[in-house]
$ cat coords.tsv   # TSV, C-alpha atoms
chain	number	residue	atom	x	y	z
A	1	MET	CA	23.27	13.08	-2.79
A	2	ARG	CA	20.91	12.81	-5.73
A	3	GLY	CA	17.20	12.93	-5.14
A	4	ILE	CA	13.91	13.47	-6.95
A	5	GLY	CA	12.05	16.63	-5.95
A	6	PHE	CA	9.96	19.43	-7.36
A	7	ALA	CA	10.07	23.21	-7.03
A	8	GLN	CA	6.34	23.77	-7.53
A	9	PRO	CA	3.37	21.37	-7.47
A	10	GLY	CA	2.14	20.17	-10.82
A	11	GLY	CA	2.11	17.31	-13.28
A	12	PRO	CA	4.69	14.54	-13.55
A	13	GLU	CA	7.01	16.85	-15.49
A	14	VAL	CA	7.79	18.87	-12.31
A	15	LEU	CA	9.76	15.94	-10.89
A	16	THR	CA	13.47	16.50	-11.41
A	17	LEU	CA	16.68	14.74	-10.43
A	18	GLY	CA	19.00	17.05	-8.52
A	19	GLU	CA	21.46	17.40	-5.66
A	20	HIS	CA	20.03	17.52	-2.14
A	21	PRO	CA	21.51	17.55	1.38
A	22	GLU	CA	22.12	14.09	2.78
A	23	PRO	CA	19.87	13.36	5.79
A	24	GLN	CA	21.37	12.79	9.21
A	25	ALA	CA	20.18	9.91	11.39
A	26	GLY	CA	19.33	10.77	14.98
A	27	ALA	CA	18.32	8.74	18.01
A	28	GLY	CA	16.43	5.60	17.02
A	29	GLU	CA	17.17	6.19	13.34
A	30	CYS	CA	19.41	4.82	10.62
A	31	LEU	CA	20.68	6.01	7.25
A	32	ILE	CA	19.88	3.71	4.33
A	33	ARG	CA	21.79	3.64	1.05
A	34	VAL	CA	18.81	3.27	-1.23
A	35	VAL	CA	18.84	0.74	-4.04
A	36	ALA	CA	15.15	1.01	-4.94
A	37	SER	CA	12.16	3.21	-4.02
A	38	GLY	CA	8.50	2.23	-4.21
A	39	VAL	CA	6.11	4.50	-6.12
A	40	ASN	CA	2.71	5.11	-4.53
A	41	ARG	CA	-0.40	7.25	-5.04
A	42	PRO	CA	0.39	9.41	-1.99
A	43	ASP	CA	3.56	10.44	-3.86
A	44	VAL	CA	1.34	11.66	-6.69
A	45	LEU	CA	-0.83	13.63	-4.27
A	46	GLN	CA	2.27	15.20	-2.73
A	47	ARG	CA	3.56	16.15	-6.18
A	48	LYS	CA	0.22	17.86	-6.85
A	49	GLY	CA	0.46	19.81	-3.60
A	50	LEU	CA	-2.41	17.90	-1.97
A	51	TYR	CA	-0.55	15.80	0.60
A	52	PRO	CA	2.36	17.64	2.24
A	53	PRO	CA	4.76	15.72	4.50
A	54	PRO	CA	4.37	16.01	8.27
A	55	PRO	CA	6.44	18.73	10.00
A	56	GLY	CA	10.16	17.94	10.16
A	57	ILE	CA	10.00	15.32	7.38
A	58	SER	CA	11.95	15.52	4.13
A	59	LEU	CA	10.19	17.42	1.35
A	60	LEU	CA	11.24	14.76	-1.17
A	61	PRO	CA	8.49	12.25	-2.06
A	62	GLY	CA	8.78	8.56	-1.32
A	63	LEU	CA	7.27	6.43	1.44
A	64	GLU	CA	9.16	3.14	1.08
A	65	VAL	CA	12.70	2.11	0.25
A	66	ALA	CA	15.02	-0.87	0.16
A	67	GLY	CA	18.76	-0.79	0.49
A	68	PHE	CA	21.65	-1.19	2.94
A	69	ILE	CA	22.06	0.31	6.39
A	70	GLU	CA	25.04	2.68	6.26
A	71	SER	CA	24.97	4.08	9.80
A	72	GLY	CA	22.65	4.70	12.70
A	73	ASP	CA	21.89	4.51	16.40
A	74	ALA	CA	24.01	1.52	17.46
A	75	ASP	CA	21.92	0.63	20.51
A	76	ALA	CA	18.64	0.82	18.59
A	77	LEU	CA	20.07	-1.28	15.77
A	78	GLN	CA	21.26	-3.92	18.19
A	79	ALA	CA	17.88	-4.00	19.93
A	80	ALA	CA	16.19	-4.51	16.55
A	81	GLY	CA	18.59	-7.31	15.60
A	82	LEU	CA	20.05	-5.23	12.76
A	83	SER	CA	23.58	-4.15	11.87
A	84	VAL	CA	25.36	-1.73	9.56
A	85	GLY	CA	25.51	-3.36	6.14
A	86	ASP	CA	22.24	-5.27	6.49
A	87	ALA	CA	19.81	-5.30	3.58
A	88	VAL	CA	16.51	-3.83	4.73
A	89	CYS	CA	13.29	-2.30	3.51
A	90	ALA	CA	11.62	0.50	5.42
A	91	LEU	CA	8.46	2.53	5.70
A	92	VAL	CA	9.26	6.24	5.87
A	93	ALA	CA	7.16	9.41	6.06
A	94	GLY	CA	9.06	11.03	3.17
A	95	GLY	CA	12.42	11.28	1.47
A	96	GLY	CA	12.35	7.89	-0.22
A	97	TYR	CA	13.10	9.24	-3.71
A	98	ALA	CA	16.81	9.66	-2.99
A	99	GLU	CA	20.13	7.84	-2.83
A	100	ARG	CA	20.14	8.14	0.96
A	101	CYS	CA	17.11	8.01	3.22
A	102	MET	CA	16.70	8.34	6.97
A	103	ALA	CA	14.39	5.74	8.52
A	104	PRO	CA	13.19	4.97	12.04
A	105	ILE	CA	14.91	1.72	12.93
A	106	ALA	CA	11.67	0.30	14.32
A	107	GLN	CA	10.15	0.67	10.84
A	108	CYS	CA	12.97	-1.25	9.12
A	109	LEU	CA	12.51	-4.91	8.24
A	110	PRO	CA	15.04	-7.35	6.82
A	111	VAL	CA	14.72	-8.11	3.11
A	112	PRO	CA	12.80	-11.41	3.04
A	113	GLU	CA	14.77	-14.48	2.07
A	114	GLY	CA	14.59	-15.02	-1.67
A	115	TRP	CA	13.48	-11.46	-2.44
A	116	SER	CA	15.56	-8.92	-4.33
A	117	LEU	CA	15.99	-5.37	-3.08
A	118	VAL	CA	13.86	-4.12	-5.98
A	119	GLU	CA	11.06	-6.50	-4.98
A	120	ALA	CA	11.43	-5.59	-1.31
A	121	ALA	CA	11.07	-1.88	-2.12
A	122	GLY	CA	7.40	-2.53	-2.91
A	123	LEU	CA	6.65	-4.19	0.42
A	124	PRO	CA	6.50	-1.63	3.26
A	125	GLU	CA	3.71	0.74	2.18
A	126	THR	CA	1.46	-2.07	1.02
A	127	CYS	CA	2.11	-4.51	3.87
A	128	PHE	CA	1.81	-1.87	6.60
A	129	THR	CA	-1.43	-0.59	5.04
A	130	VAL	CA	-3.01	-4.00	4.53
A	131	TRP	CA	-2.09	-5.29	7.98
A	132	SER	CA	-3.19	-2.11	9.76
A	133	ASN	CA	-6.57	-2.16	8.03
A	134	LEU	CA	-7.65	-5.71	7.22
A	135	PHE	CA	-6.11	-7.32	10.29
A	136	ASP	CA	-5.79	-4.70	13.05
A	137	GLN	CA	-8.89	-2.61	12.36
A	138	GLY	CA	-10.87	-5.16	10.39
A	139	GLY	CA	-10.08	-8.16	12.57
A	140	LEU	CA	-9.88	-10.50	9.57
A	141	ARG	CA	-10.55	-14.12	10.47
A	142	ALA	CA	-10.37	-17.36	8.52
A	143	GLY	CA	-13.58	-17.78	6.54
A	144	ASP	CA	-14.34	-14.07	6.25
A	145	ARG	CA	-15.67	-12.86	2.92
A	146	VAL	CA	-13.55	-9.92	1.76
A	147	LEU	CA	-14.04	-7.44	-1.10
A	148	ILE	CA	-11.01	-5.46	-2.26
A	149	HIS	CA	-11.60	-2.49	-4.53
A	150	GLY	CA	-8.69	-1.90	-6.91
A	151	GLY	CA	-7.60	-5.51	-6.73
A	152	SER	CA	-4.77	-5.08	-9.26
A	153	SER	CA	-3.15	-2.12	-7.47
A	154	GLY	CA	-0.07	-2.45	-5.31
A	155	ILE	CA	-2.28	-2.52	-2.23
A	156	GLY	CA	-4.70	-4.88	-3.93
A	157	VAL	CA	-2.24	-7.59	-4.93
A	158	SER	CA	-0.82	-7.67	-1.40
A	159	ALA	CA	-4.29	-7.69	0.16
A	160	ILE	CA	-5.41	-10.62	-2.01
A	161	GLN	CA	-2.42	-12.75	-1.07
A	162	LEU	CA	-2.38	-11.91	2.64
A	163	ALA	CA	-6.12	-12.38	3.09
A	164	LYS	CA	-5.95	-15.74	1.32
A	165	ALA	CA	-2.91	-16.80	3.34
A	166	PHE	CA	-4.95	-16.26	6.51
A	167	GLY	CA	-7.95	-18.23	5.27
A	168	ALA	CA	-10.31	-15.57	3.90
A	169	GLN	CA	-12.46	-15.74	0.77
A	170	VAL	CA	-11.51	-12.86	-1.50
A	171	TRP	CA	-13.27	-11.00	-4.29
A	172	VAL	CA	-11.94	-7.93	-6.08
A	173	THR	CA	-13.16	-5.16	-8.35
A	174	VAL	CA	-11.10	-4.38	-11.44
A	175	GLY	CA	-11.58	-2.46	-14.68
A	176	HIS	CA	-10.13	-4.75	-17.33
A	177	ALA	CA	-10.21	-8.43	-18.31
A	178	ASP	CA	-6.43	-8.70	-18.05
A	179	LYS	CA	-6.61	-7.47	-14.46
A	180	THR	CA	-9.29	-10.07	-13.74
A	181	LYS	CA	-6.91	-12.80	-14.90
A	182	ALA	CA	-4.04	-11.39	-12.84
A	183	CYS	CA	-6.09	-11.25	-9.63
A	184	LEU	CA	-7.48	-14.75	-10.09
A	185	ALA	CA	-3.93	-16.02	-10.67
A	186	LEU	CA	-2.93	-14.49	-7.32
A	187	GLY	CA	-5.67	-16.46	-5.57
A	188	ALA	CA	-8.76	-14.27	-5.65
A	189	ASP	CA	-11.97	-16.32	-5.56
A	190	GLY	CA	-13.75	-13.93	-7.88
A	191	ALA	CA	-13.33	-10.67	-9.78
A	192	ILE	CA	-15.98	-8.11	-10.72
A	193	ASN	CA	-15.33	-5.83	-13.70
A	194	TYR	CA	-16.82	-2.56	-12.49
A	195	ARG	CA	-16.93	-1.19	-16.04
A	196	GLU	CA	-19.29	-3.95	-17.13
A	197	GLN	CA	-20.92	-5.21	-13.91
A	198	ASP	CA	-22.62	-3.77	-10.83
A	199	PHE	CA	-20.38	-4.77	-7.94
A	200	VAL	CA	-23.33	-4.66	-5.52
A	201	ALA	CA	-25.44	-7.10	-7.52
A	202	GLU	CA	-22.49	-9.33	-8.37
A	203	GLY	CA	-21.20	-9.26	-4.80
A	204	LEU	CA	-24.56	-10.29	-3.36
A	205	ARG	CA	-24.85	-13.04	-5.95
A	206	ALA	CA	-21.34	-14.34	-5.20
A	207	THR	CA	-22.04	-14.43	-1.45
A	208	GLN	CA	-25.54	-15.92	-1.76
A	209	GLY	CA	-27.05	-12.67	-0.55
A	210	GLN	CA	-25.00	-12.48	2.64
A	211	GLY	CA	-22.61	-9.74	1.57
A	212	PHE	CA	-19.01	-9.18	2.57
A	213	ASP	CA	-17.62	-9.22	6.10
A	214	LEU	CA	-14.88	-6.75	5.15
A	215	ILE	CA	-14.51	-4.26	2.31
A	216	LEU	CA	-11.21	-2.51	1.63
A	217	ASP	CA	-12.10	0.69	-0.21
A	218	MET	CA	-9.59	3.09	-1.78
A	219	VAL	CA	-12.26	4.86	-3.86
A	220	ALA	CA	-14.73	6.33	-1.31
A	221	GLY	CA	-16.99	9.05	-2.79
A	222	PRO	CA	-20.01	7.38	-4.44
A	223	TYR	CA	-18.73	3.92	-3.48
A	224	ILE	CA	-19.57	4.33	0.21
A	225	ALA	CA	-23.34	4.03	-0.15
A	226	ARG	CA	-22.93	1.07	-2.52
A	227	ASP	CA	-20.45	-0.57	-0.15
A	228	GLN	CA	-23.10	-0.43	2.57
A	229	GLN	CA	-25.54	-2.29	0.31
A	230	VAL	CA	-23.15	-5.21	-0.13
A	231	LEU	CA	-21.70	-5.17	3.39
A	232	ALA	CA	-22.87	-8.03	5.61
A	233	GLU	CA	-24.43	-7.70	9.03
A	234	GLU	CA	-21.70	-6.54	11.43
A	235	GLY	CA	-19.51	-5.98	8.38
A	236	ARG	CA	-16.53	-3.65	8.46
A	237	LEU	CA	-15.90	-1.03	5.77
A	238	LEU	CA	-12.27	0.11	5.74
A	239	VAL	CA	-11.61	3.33	3.80
A	240	ILE	CA	-7.93	3.89	2.95
A	241	ALA	CA	-8.07	6.47	0.14
A	242	VAL	CA	-10.46	8.84	-1.60
A	243	GLN	CA	-9.75	8.43	-5.31
A	244	GLY	CA	-13.46	8.89	-6.01
A	245	GLY	CA	-13.82	12.00	-3.86
A	246	THR	CA	-14.14	12.99	-0.22
A	247	LYS	CA	-17.91	13.51	-0.15
A	248	ALA	CA	-20.17	10.50	0.29
A	249	GLU	CA	-23.74	9.62	1.21
A	250	LEU	CA	-24.24	7.42	4.24
A	251	ASP	CA	-27.37	5.38	4.89
A	252	ALA	CA	-27.65	5.66	8.66
A	253	GLY	CA	-30.61	3.28	8.71
A	254	THR	CA	-28.57	0.51	7.08
A	255	LEU	CA	-25.66	1.33	9.38
A	256	LEU	CA	-27.86	0.80	12.44
A	257	ARG	CA	-29.93	-2.09	11.20
A	258	LYS	CA	-26.96	-4.14	10.00
A	259	ARG	CA	-24.65	-2.96	12.80
A	260	GLN	CA	-22.02	-1.95	10.25
A	261	ARG	CA	-18.70	-0.35	11.16
A	262	ILE	CA	-16.96	2.22	8.96
A	263	SER	CA	-13.40	3.31	9.65
A	264	GLY	CA	-10.77	5.44	7.95
A	265	ASN	CA	-7.03	5.20	8.28
A	266	THR	CA	-3.85	6.82	7.01
A	267	LEU	CA	-0.35	5.87	8.14
A	268	ARG	CA	1.92	8.76	7.26
A	269	SER	CA	1.09	11.02	10.21
A	270	ARG	CA	0.62	8.26	12.78
A	271	PRO	CA	3.06	8.13	15.73
A	272	ALA	CA	6.27	6.14	15.39
A	273	ALA	CA	5.14	3.75	18.12
A	274	PHE	CA	2.01	2.87	16.11
A	275	LYS	CA	4.08	2.01	13.03
A	276	ALA	CA	6.64	0.13	15.11
A	277	ALA	CA	3.90	-2.10	16.47
A	278	ILE	CA	2.76	-2.92	12.94
A	279	ALA	CA	6.34	-3.65	11.90
A	280	ALA	CA	6.68	-6.13	14.77
A	281	GLN	CA	3.50	-7.93	13.73
A	282	LEU	CA	4.63	-8.06	10.11
A	283	ARG	CA	7.99	-9.52	11.04
A	284	ALA	CA	6.38	-12.20	13.18
A	285	LYS	CA	3.36	-13.12	11.07
A	286	VAL	CA	3.90	-12.00	7.47
A	287	TRP	CA	7.65	-12.16	6.81
A	288	PRO	CA	7.70	-15.98	7.19
A	289	LEU	CA	5.00	-16.17	4.49
A	290	LEU	CA	7.14	-14.05	2.18
A	291	ALA	CA	10.14	-16.31	2.70
A	292	GLN	CA	8.00	-19.40	2.09
A	293	GLY	CA	6.61	-18.01	-1.17
A	294	ALA	CA	3.01	-17.96	0.11
A	295	VAL	CA	3.04	-14.26	-0.78
A	296	ARG	CA	5.05	-13.34	-3.84
A	297	PRO	CA	6.21	-10.06	-5.34
A	298	VAL	CA	4.20	-8.46	-8.14
A	299	ILE	CA	6.36	-5.81	-9.79
A	300	HIS	CA	4.78	-4.29	-12.89
A	301	ARG	CA	7.77	-2.24	-13.99
A	302	VAL	CA	11.08	-0.88	-12.73
A	303	TRP	CA	12.00	2.63	-13.85
A	304	PRO	CA	15.42	4.27	-13.56
A	305	ALA	CA	15.14	6.86	-10.80
A	306	ALA	CA	15.86	9.68	-13.26
A	307	GLN	CA	12.62	8.72	-15.02
A	308	ALA	CA	10.40	9.19	-11.98
A	309	ALA	CA	8.10	11.41	-14.03
A	310	GLU	CA	7.39	8.50	-16.40
A	311	ALA	CA	6.70	6.22	-13.45
A	312	HIS	CA	4.14	8.75	-12.15
A	313	ARG	CA	2.50	8.94	-15.57
A	314	GLU	CA	2.19	5.17	-15.67
A	315	LEU	CA	0.76	5.06	-12.14
A	316	GLU	CA	-1.83	7.70	-12.96
A	317	ALA	CA	-2.78	5.93	-16.21
A	318	GLY	CA	-3.89	2.99	-14.07
A	319	ALA	CA	-3.07	0.17	-16.48
A	320	HIS	CA	-0.49	-1.47	-14.20
A	321	VAL	CA	-0.85	-4.63	-12.14
A	322	GLY	CA	1.12	-4.55	-8.89
A	323	LYS	CA	3.94	-2.19	-7.99
A	324	LEU	CA	6.00	0.39	-9.83
A	325	VAL	CA	9.55	0.82	-8.50
A	326	LEU	CA	12.37	3.31	-9.06
A	327	SER	CA	15.87	1.86	-9.26
A	328	TRP	CA	19.03	3.75	-8.22
A	329	GLN	CA	21.29	0.99	-9.56
A	330	GLY	CA	23.40	2.27	-12.42
A	331	ASP	CA	21.22	5.36	-12.75

$ encode --input "coords.tsv" --output "structure tokens"
Amino acid sequence: MRGIGFAQPGGPEVLTLGEHPEPQAGAGECLIRVVASGVNRPDVLQRKGLYPPPPGISLLPGLEVAGFIESGDADALQAAGLSVGDAVCALVAGGGYAERCMAPIAQCLPVPEGWSLVEAAGLPETCFTVWSNLFDQGGLRAGDRVLIHGGSSGIGVSAIQLAKAFGAQVWVTVGHADKTKACLALGADGAINYREQDFVAEGLRATQGQGFDLILDMVAGPYIARDQQVLAEEGRLLVIAVQGGTKAELDAGTLLRKRQRISGNTLRSRPAAFKAAIAAQLRAKVWPLLAQGAVRPVIHRVWPAAQAAEAHRELEAGAHVGKLVLSWQGD
């Protein structure tokens, strides 16, 4: 089969289309004929040699796919209500940049009604991440005040819509006026341009000095101390990436006085049972919203799979709003 890999870590140019062994599905697994693959920042880190796949996982990048089930564990498929030929999207730990991808059946979800396979390819990584953090760890409730850093990212556009769908008030940080407009159009209550405004001062002003109940932070580094300043009493700070660096200052006095909670979370290395539980919650609580149009796809651009390097360049440039997707159709 064709797949996108790299011989040595490096820049986008190391990504090449080549022939690779087709994966074999084992117990509890299925083989998906991939139509589209989502592009995510962890793929960039893997390409740079900074985020290797867990042991036993394909060396090819790619954490989410959409396509058709070609084969798999018949009993597990039946138990999941799936069949060979079904259109699904799936969260995987690697190997998504290929024409065939092995996926745990418990991490496969039907393509939502009204969504294309290309649109569905951008769902798993973002929905699993947002649900695991804002809802499972953060305990989001109707009326909560939520701040989402990187509001125009793939994670951000999903977080805005899901938080709003469950009754939260949502603010975002962005770096451009066009991104402000995009986030407001998706339902955000407010947007703070971090290049021109201090998100601490603006956040406190927007919340009448109360601060945010939840902050979803993919920056970390110097943001952590500032997050604490704008986090409400008993607020929850959810760190999901470290684009700003791994070292941060923590104000332990503020942590104690305001009874703040800080948590970190990555999905890739978590046990299959953990991801299966999230998938079940998504299917029950989020997938109906997708079918109803309460949450809609935001695809910035679709690249032919052979141009994965260009997709990585665009992702790293940071000018996109929503998801970048690789297409295997006609490539």

$ residues_around --input "coords.tsv" --residues "Arg33 (chain A)" --least-positions-apart "6" --cutoff "6 Å" --atoms "all atoms listed in the file" --output "ChimeraX atom specification"
/A:67-68,99-100

$ residues_near_point --input "coords.tsv" --point "(14.2, 4.2, 6.8)" --cutoff "9 Å" --atoms "only C-alpha atoms" --output "list in words"
Glu29, Cys30, Leu31, Ile32, Glu64, Val65, Ala66, Ile69, Val88, Cys89, Ala90, Leu91, Val92, Ala93, Gly96, Cys101, Met102, Ala103, Pro104, Ile105, Ala106, Gln107 and Cys108 of chain A

$ residues_around --input "coords.tsv" --residues "Ala79 (chain A)" --least-positions-apart "4" --cutoff "12 Å" --atoms "all atoms listed in the file" --output "JSON, numbers by chain"
{"A": [28, 73, 74, 75, 83, 105, 106]}

$ closest_residue --input "coords.tsv" --among "A:Leu290, A:Ala284, A:Ala177, A:Val34" --to "Ala305 (chain A)" --atoms "only C-alpha atoms"
A:Val34

$ closest_residue --input "coords.tsv" --among "A:Ser132, A:Ser116, A:Ser37, A:Thr126" --to "Ala276 (chain A)" --atoms "only C-alpha atoms"
A:Ser132

$ atom_distance --input "coords.tsv" --atom1 "CA of Gly62 (chain A)" --atom2 "CA of Tyr223 (chain A)"
28.0 Å

$ closest_residue --input "coords.tsv" --among "A:Leu231, A:Ile224, A:Leu186, A:Ile192" --to "Ala248 (chain A)" --atoms "only C-alpha atoms"
A:Ile224

$ closest_residue --input "coords.tsv" --among "A:Gln307, A:His312, A:Asp251, A:Gly56" --to "Gly3 (chain A)" --atoms "only C-alpha atoms"
A:Gln307

$ closest_residue --input "coords.tsv" --among "A:Val239, A:Leu15, A:Ala311, A:Val298" --to "Ala182 (chain A)" --atoms "all atoms listed in the file"
A:Val298

$ residues_around --input "coords.tsv" --residues "Gly18 (chain A)" --least-positions-apart "5" --cutoff "12 Å" --atoms "all atoms listed in the file" --output "list of chain:residue names"
A:Met1, A:Arg2, A:Gly3, A:Ile4, A:Gly5, A:Phe6, A:Ala7, A:Leu60, A:Tyr97, A:Ala98, A:Glu99, A:Ala305, A:Ala306

$ closest_residue --input "coords.tsv" --among "A:Gly138, A:Pro53, A:Gly175, A:Pro42" --to "Gly318 (chain A)" --atoms "all atoms listed in the file"
A:Gly175

$ residues_around --input "coords.tsv" --residues "region 139-155 of chain A" --least-positions-apart "6" --cutoff "7 Å" --atoms "all atoms listed in the file" --output "CSV table (one decimal) with C-alpha atoms, in the frame of the given file"
chain,number,residue,atom,x,y,z
A,126,THR,CA,1.5,-2.1,1.0
A,130,VAL,CA,-3.0,-4.0,4.5
A,166,PHE,CA,-5.0,-16.3,6.5
A,167,GLY,CA,-8.0,-18.2,5.3
A,168,ALA,CA,-10.3,-15.6,3.9
A,169,GLN,CA,-12.5,-15.7,0.8
A,170,VAL,CA,-11.5,-12.9,-1.5
A,171,TRP,CA,-13.3,-11.0,-4.3
A,172,VAL,CA,-11.9,-7.9,-6.1
A,173,THR,CA,-13.2,-5.2,-8.4
A,174,VAL,CA,-11.1,-4.4,-11.4
A,179,LYS,CA,-6.6,-7.5,-14.5
A,183,CYS,CA,-6.1,-11.2,-9.6
A,212,PHE,CA,-19.0,-9.2,2.6
A,213,ASP,CA,-17.6,-9.2,6.1
A,214,LEU,CA,-14.9,-6.8,5.2
A,215,ILE,CA,-14.5,-4.3,2.3
A,216,LEU,CA,-11.2,-2.5,1.6
A,217,ASP,CA,-12.1,0.7,-0.2
A,218,MET,CA,-9.6,3.1,-1.8
A,321,VAL,CA,-0.8,-4.6,-12.1
A,322,GLY,CA,1.1,-4.6,-8.9
A,323,LYS,CA,3.9,-2.2,-8.0

$ atom_distance --input "coords.tsv" --atom1 "CA of Arg268 (chain A)" --atom2 "CA of Pro54 (chain A)"
7.7 Å

$ residues_near_point --input "coords.tsv" --point "(12.6, -13.3, 6.0)" --cutoff "12 Å" --atoms "all atoms listed in the file" --output "list in words"
Ala87, Val88, Cys89, Leu109, Pro110, Val111, Pro112, Glu113, Gly114, Trp115, Ser116, Ala120, Leu282, Arg283, Ala284, Lys285, Val286, Trp287, Pro288, Leu289, Leu290, Ala291, Gln292, Gly293 and Val295 of chain A

$ residues_around --input "coords.tsv" --residues "region 255-267 of chain A" --least-positions-apart "4" --cutoff "7 Å" --atoms "only C-alpha atoms" --output "ChimeraX atom specification"
/A:233-240,251

$ atom_distance --input "coords.tsv" --atom1 "CA of Ala201 (chain A)" --atom2 "CA of Val230 (chain A)"
8.0 Å
